[in-house]
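Note sheet for the following structure.
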Amino acid sequence: MDMLTPVLTDNWGQDRAWTLAAYEKQGGYAAMKKALTPEYGGPDAIIQAVKDSGLRGRGGAGFPTGMKWGFIPQDNPKPKYLVVNADESEPGTCKDIPLMMASPHTLVEGVIISSFAIRANHAFIYVRGEVLHVIRRLQHAVQEAYLAGHLGKDINGTGYDLDIVVHAGAGAYICGEETALLEGLEGRRGQPRLRPPFPAVAGLYASPTVINNTESIASVPSIIANGADWFASMGTEKSKGFGIFSLSGHITKPGQYEAPLGITLRELVDLAGGMRAGHQLKFWTPGGSSTPLLTDEHLDVPLDFEGVAAAGSMLGTRALQLFDETTCVVRAVLRWTEFYKHESCGKCTPCREGTWWLVQTLARLEKGEGSEADLDLLLDQCDNILGRSFCALADGAVSPISSSIKYFRDEYLAHLRHGGCPLDPAASTVFASHGAPA
Amino acid sequence: MSPTEPSEARASDRGLKSEMTQIRRFSENDTQITPETYAELEAIAARYPEPRSGLLPMLHLVQSVEGRVTSEGIEACAKVLGISAADVSGVATFYTMYKRKPVGDYLVGVCTNTLCAVMGGDVIFDRLKEHLDVGNDETSEDGAITLEHIECNAACDYAPVMMVNWEFMDNQTPESAVQVVDALRAGEAVHSTRGPKLCTWKQAERVLAGFNDGLANEGPAAGPASLVGLEIARERGWKAPTSDSSGPTEEPGTKIEAVEEADTSRAESETLSKEVK
Ligand SMILES: Cc1cc2nc3c(=O)[nH]c(=O)nc-3n(C[C@H](O)[C@H](O)[C@H](O)COP(=O)(O)O)c2cc1C
Ligand code: SF4
Ligand code: FES
């Protein structure tokens, strides 16, 4: 197996890749046509193929996609809906946005096949509002697909009807959480809903709804085109297929690397030309800021769902943010904590109040005030939040704190000894490498 | 928000003063909402199986018309949807992209989430505050630039990132950021690093409301960082495996071949796809 396996990223370098003409030239919409022909076996055959492929959700939690589709109660007389989660706001995550910018038709084709499979006639792409050009490209692609007869009534003469609405959000990290997203899509404050009922039973407008991440849905056409076994031939035993790995931070070549699940950070760093010249890896997030930090001890952890879990973290969205030894871990963690405090939707007390207290305690420590006992206080606060809040935002909020204390307790103490941060923040900027002494 | 003249003492507060000037300029009475706006708000609501789903894009439209979310805009949404103004207001205050204070022609956001902050975003944000003589969420005296710090905008591989009216300005330095705002204030054309020439904030809000501005074909398919993995794969001849049915034959040279070979019942499906067409 080759180390990198471009499938979703394969056409990103093409001239005007976002247009229907370019997409169809490289085989686009053939999978849709194949899936919609009666001979393919109908919706159930598509669900079966996605199940057999082993595709697991690419939005963070890794839930098996085909199984989720199978939960849609087909005897329910209400309309069924497909909602694409294109909110991409988890700090570090930057794969769905370039995908929709370069090849929005991959997503549109995936939406058609997936909607057909769950028997939906209405699909929504909920895209974060802060990405104007990506929204233009999505609107344009949907419009082109309508004109080509791939959307609307009686798609390509198959008798199947589907409408897609591109829906721009308005700035709220919590709207990435699937039930908060549905609230946003219903024109309300984006606060999570109590589950059960799960969206598969009562989602949008209390109707059966599948919510999937952009990359999950974009992977579907390749599974239909090449077969479930093809997809499952990549990756590891329980984490099949390929995924986009997003490298950012103090690395020579930050960017998107599409590889089979199970590749290691050592291999990726190597491909990316190593850490920036003269520096070493200090800590990293495997899947965004909500996944516990790892260190240079974990370079050989297989980046699949099981491997990263065994190392005490989560694969999440494969948002690999790499920080070198010039970075203060306390500063990094404080900033993420401020983010969670700002984004807490306020619905439940442990998160609303807890994230506020976490910021207070951390800010004191960062300034070198307080005492070693504050570290235990922090861990205690984390304990009172983790698992006691209404949704997973709060669990994510404590991840960087507890993991950083686990691996870098000494650095917290150094702030107390030093009466502030012992590191120079200028040394970790990109401008520092332009000659300024590190 | 009172549209009265600021007192001497308050006028010494730079932030407040410019805020007051702005508020006067966009006072509640100069609403720009017209019957046409109502028609467009109704058109947005009609896109959805249930009209209230249109509220987020409708508020974007209000901003594109009014330069912020005004009480008149809230009333208009409430009327179109048949819900209370308090309901609409509750939604408008929840989301950070909705602004109650007037926004300048260009909303400049500097990412100061951890990764960008560490890579230089904090320095860039400080430099712009100083250069524009404003604080966070404030507008320059000339009304051209509103500055704010923003959270991760899904472009970490281009850190440090700045957004202008939600267009990407990748790989910034303090100097490049100052150049961008100076050029914008001077009325010069500035292009997004991965998109078109920057439009105004009101124009951008109209696109977010779902009214296409025809600029989708501007800019590249992908920026350089989005392509690094693909380029390495091409250099080394790395590919995804061939599909199920192709067996141990040679690898397909192009994706078209791959897709065709992928088909287990190729001949059959080719005829069928013709029928489908
Ligand atoms: C606070 C929070 C933010 C989230 N943000 C996103 C997001 O931006 N994009 C996404 O696809 N999933 C996000 N999720 C996960 C979704 O709730 C959901 O699991 C996912 O969209 C399901 O799609 P998948 O099965 O295809 O991964 C978030 C979850 C939480 C708790
Ligand atoms: S955990 Fe936080 S974000 Fe989630 S419901 Fe509670 S307050 Fe809202
Ligand atoms: S941290 Fe700035 S774009 Fe992600």
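Chain lettering (A, B, ...) mirrors the order of the structure tokens, residue numbering begins at 1 for each chain separately, and ligand numbering begins at 1 in order of display.
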Please write out the residues within 8 Å of ligand 1 as a PyMOL selection string, counting only C-alpha atoms and all ligand atoms.
chain A and resi 56-65+68+84-90+173-179+211-217+391-394+396
Which residues are near ligand 2 - at most 10 Å, using only C-alpha atoms and all ligand atoms? Format: as a PyMOL selection string.
chain A and resi 173-175+177+180+190-194+340-355+385-397
Please extract the residues at most 8 Å from ligand 3, counting only C-alpha atoms and all ligand atoms, and provide them as a VMD selection string, using the chain letters and residue numbers of this document.
(chain A and resid 91 to 94) or (chain B and resid 111 to 117 121 151 to 161)
Neighbour list for Gly73 of chain B as a ChimeraX atom specification, cut-off 10 Å, only C-alpha atoms, skip fewer than 3 positions in-chain:
/B:31-33,37-38,58-59,61-63,65-66,68-70,76-79,85,88-89
Expected file contents, prior selection, N, CA, C and O atoms, as a PDB file, in the first residue's frame:
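out07.pdb was written with the following content:
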ATOM      1  N   THR B  31     -33.698  53.313   8.397  1.00  0.00           N
ATOM      2  CA  THR B  31     -33.717  51.920   7.922  1.00  0.00           C
ATOM      3  C   THR B  31     -33.758  51.883   6.400  1.00  0.00           C
ATOM      4  O   THR B  31     -34.385  52.723   5.755  1.00  0.00           O
ATOM      5  N   GLN B  32     -33.026  50.911   5.861  1.00  0.00           N
ATOM      6  CA  GLN B  32     -32.959  50.757   4.402  1.00  0.00           C
ATOM      7  C   GLN B  32     -33.918  49.670   3.923  1.00  0.00           C
ATOM      8  O   GLN B  32     -33.904  49.293   2.754  1.00  0.00           O
ATOM      9  N   ILE B  33     -34.669  49.107   4.843  1.00  0.00           N
ATOM     10  CA  ILE B  33     -35.557  47.999   4.473  1.00  0.00           C
ATOM     11  C   ILE B  33     -36.715  48.507   3.619  1.00  0.00           C
ATOM     12  O   ILE B  33     -37.402  49.453   3.992  1.00  0.00           O
ATOM     13  N   THR B  37     -36.914  44.232   0.083  1.00  0.00           N
ATOM     14  CA  THR B  37     -36.277  43.433   1.130  1.00  0.00           C
ATOM     15  C   THR B  37     -37.268  42.397   1.646  1.00  0.00           C
ATOM     16  O   THR B  37     -36.906  41.232   1.856  1.00  0.00           O
ATOM     17  N   TYR B  38     -38.497  42.836   1.853  1.00  0.00           N
ATOM     18  CA  TYR B  38     -39.519  41.891   2.324  1.00  0.00           C
ATOM     19  C   TYR B  38     -39.675  40.735   1.348  1.00  0.00           C
ATOM     20  O   TYR B  38     -39.766  39.576   1.740  1.00  0.00           O
ATOM     21  N   MET B  58     -31.865  34.892   6.701  1.00  0.00           N
ATOM     22  CA  MET B  58     -32.638  36.148   6.670  1.00  0.00           C
ATOM     23  C   MET B  58     -31.914  37.239   7.470  1.00  0.00           C
ATOM     24  O   MET B  58     -31.863  38.404   7.051  1.00  0.00           O
ATOM     25  N   LEU B  59     -31.343  36.857   8.587  1.00  0.00           N
ATOM     26  CA  LEU B  59     -30.594  37.851   9.371  1.00  0.00           C
ATOM     27  C   LEU B  59     -29.331  38.292   8.628  1.00  0.00           C
ATOM     28  O   LEU B  59     -28.888  39.428   8.755  1.00  0.00           O
ATOM     29  N   LEU B  61     -29.278  38.623   5.446  1.00  0.00           N
ATOM     30  CA  LEU B  61     -29.807  39.603   4.479  1.00  0.00           C
ATOM     31  C   LEU B  61     -30.050  40.955   5.161  1.00  0.00           C
ATOM     32  O   LEU B  61     -29.728  42.006   4.593  1.00  0.00           O
ATOM     33  N   VAL B  62     -30.594  40.922   6.356  1.00  0.00           N
ATOM     34  CA  VAL B  62     -30.808  42.165   7.104  1.00  0.00           C
ATOM     35  C   VAL B  62     -29.475  42.919   7.238  1.00  0.00           C
ATOM     36  O   VAL B  62     -29.399  44.128   7.005  1.00  0.00           O
ATOM     37  N   GLN B  63     -28.410  42.194   7.561  1.00  0.00           N
ATOM     38  CA  GLN B  63     -27.113  42.854   7.704  1.00  0.00           C
ATOM     39  C   GLN B  63     -26.634  43.440   6.387  1.00  0.00           C
ATOM     40  O   GLN B  63     -26.001  44.498   6.360  1.00  0.00           O
ATOM     41  N   VAL B  65     -28.408  44.697   4.140  1.00  0.00           N
ATOM     42  CA  VAL B  65     -29.203  45.883   3.822  1.00  0.00           C
ATOM     43  C   VAL B  65     -28.919  47.005   4.818  1.00  0.00           C
ATOM     44  O   VAL B  65     -28.734  48.163   4.445  1.00  0.00           O
ATOM     45  N   GLU B  66     -28.842  46.641   6.086  1.00  0.00           N
ATOM     46  CA  GLU B  66     -28.783  47.632   7.152  1.00  0.00           C
ATOM     47  C   GLU B  66     -27.372  47.906   7.682  1.00  0.00           C
ATOM     48  O   GLU B  66     -27.179  48.845   8.448  1.00  0.00           O
ATOM     49  N   ARG B  68     -25.966  46.095   9.815  1.00  0.00           N
ATOM     50  CA  ARG B  68     -25.997  45.448  11.123  1.00  0.00           C
ATOM     51  C   ARG B  68     -27.415  44.904  11.322  1.00  0.00           C
ATOM     52  O   ARG B  68     -28.281  45.100  10.467  1.00  0.00           O
ATOM     53  N   VAL B  69     -27.653  44.261  12.454  1.00  0.00           N
ATOM     54  CA  VAL B  69     -29.010  43.811  12.764  1.00  0.00           C
ATOM     55  C   VAL B  69     -29.714  44.947  13.502  1.00  0.00           C
ATOM     56  O   VAL B  69     -29.376  45.269  14.629  1.00  0.00           O
ATOM     57  N   THR B  70     -30.660  45.573  12.843  1.00  0.00           N
ATOM     58  CA  THR B  70     -31.403  46.685  13.458  1.00  0.00           C
ATOM     59  C   THR B  70     -32.745  46.182  13.997  1.00  0.00           C
ATOM     60  O   THR B  70     -33.194  45.087  13.642  1.00  0.00           O
ATOM     61  N   ALA B  76     -38.902  42.961  10.716  1.00  0.00           N
ATOM     62  CA  ALA B  76     -39.216  42.443   9.381  1.00  0.00           C
ATOM     63  C   ALA B  76     -39.166  40.916   9.378  1.00  0.00           C
ATOM     64  O   ALA B  76     -40.067  40.261   8.842  1.00  0.00           O
ATOM     65  N   CYS B  77     -38.122  40.345   9.980  1.00  0.00           N
ATOM     66  CA  CYS B  77     -38.015  38.875  10.035  1.00  0.00           C
ATOM     67  C   CYS B  77     -39.195  38.297  10.805  1.00  0.00           C
ATOM     68  O   CYS B  77     -39.788  37.288  10.399  1.00  0.00           O
ATOM     69  N   ALA B  78     -39.516  38.946  11.924  1.00  0.00           N
ATOM     70  CA  ALA B  78     -40.607  38.448  12.763  1.00  0.00           C
ATOM     71  C   ALA B  78     -41.916  38.441  11.980  1.00  0.00           C
ATOM     72  O   ALA B  78     -42.681  37.482  12.016  1.00  0.00           O
ATOM     73  N   LYS B  79     -42.133  39.513  11.247  1.00  0.00           N
ATOM     74  CA  LYS B  79     -43.369  39.634  10.478  1.00  0.00           C
ATOM     75  C   LYS B  79     -43.461  38.549   9.412  1.00  0.00           C
ATOM     76  O   LYS B  79     -44.484  37.881   9.275  1.00  0.00           O
ATOM     77  N   ALA B  85     -40.821  39.402  17.813  1.00  0.00           N
ATOM     78  CA  ALA B  85     -39.527  40.066  17.674  1.00  0.00           C
ATOM     79  C   ALA B  85     -38.559  39.558  18.738  1.00  0.00           C
ATOM     80  O   ALA B  85     -37.356  39.443  18.497  1.00  0.00           O
ATOM     81  N   VAL B  88     -36.871  36.447  17.484  1.00  0.00           N
ATOM     82  CA  VAL B  88     -35.837  36.742  16.489  1.00  0.00           C
ATOM     83  C   VAL B  88     -34.617  37.328  17.190  1.00  0.00           C
ATOM     84  O   VAL B  88     -33.469  36.940  16.923  1.00  0.00           O
ATOM     85  N   SER B  89     -34.853  38.225  18.126  1.00  0.00           N
ATOM     86  CA  SER B  89     -33.774  38.854  18.848  1.00  0.00           C
ATOM     87  C   SER B  89     -32.949  37.830  19.622  1.00  0.00           C
ATOM     88  O   SER B  89     -31.718  37.877  19.643  1.00  0.00           O
TER      89      SER B  89
END
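One finds atom CA of Ala204 of chain B at 7.4 Å from atom CA of Ser64 of chain B.
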Find the residue from A:Pro208, A:Pro221, A:Gly227, A:Gly41 that sits nearest to chain B; use only C-alpha atoms when measuring.
A:Gly227
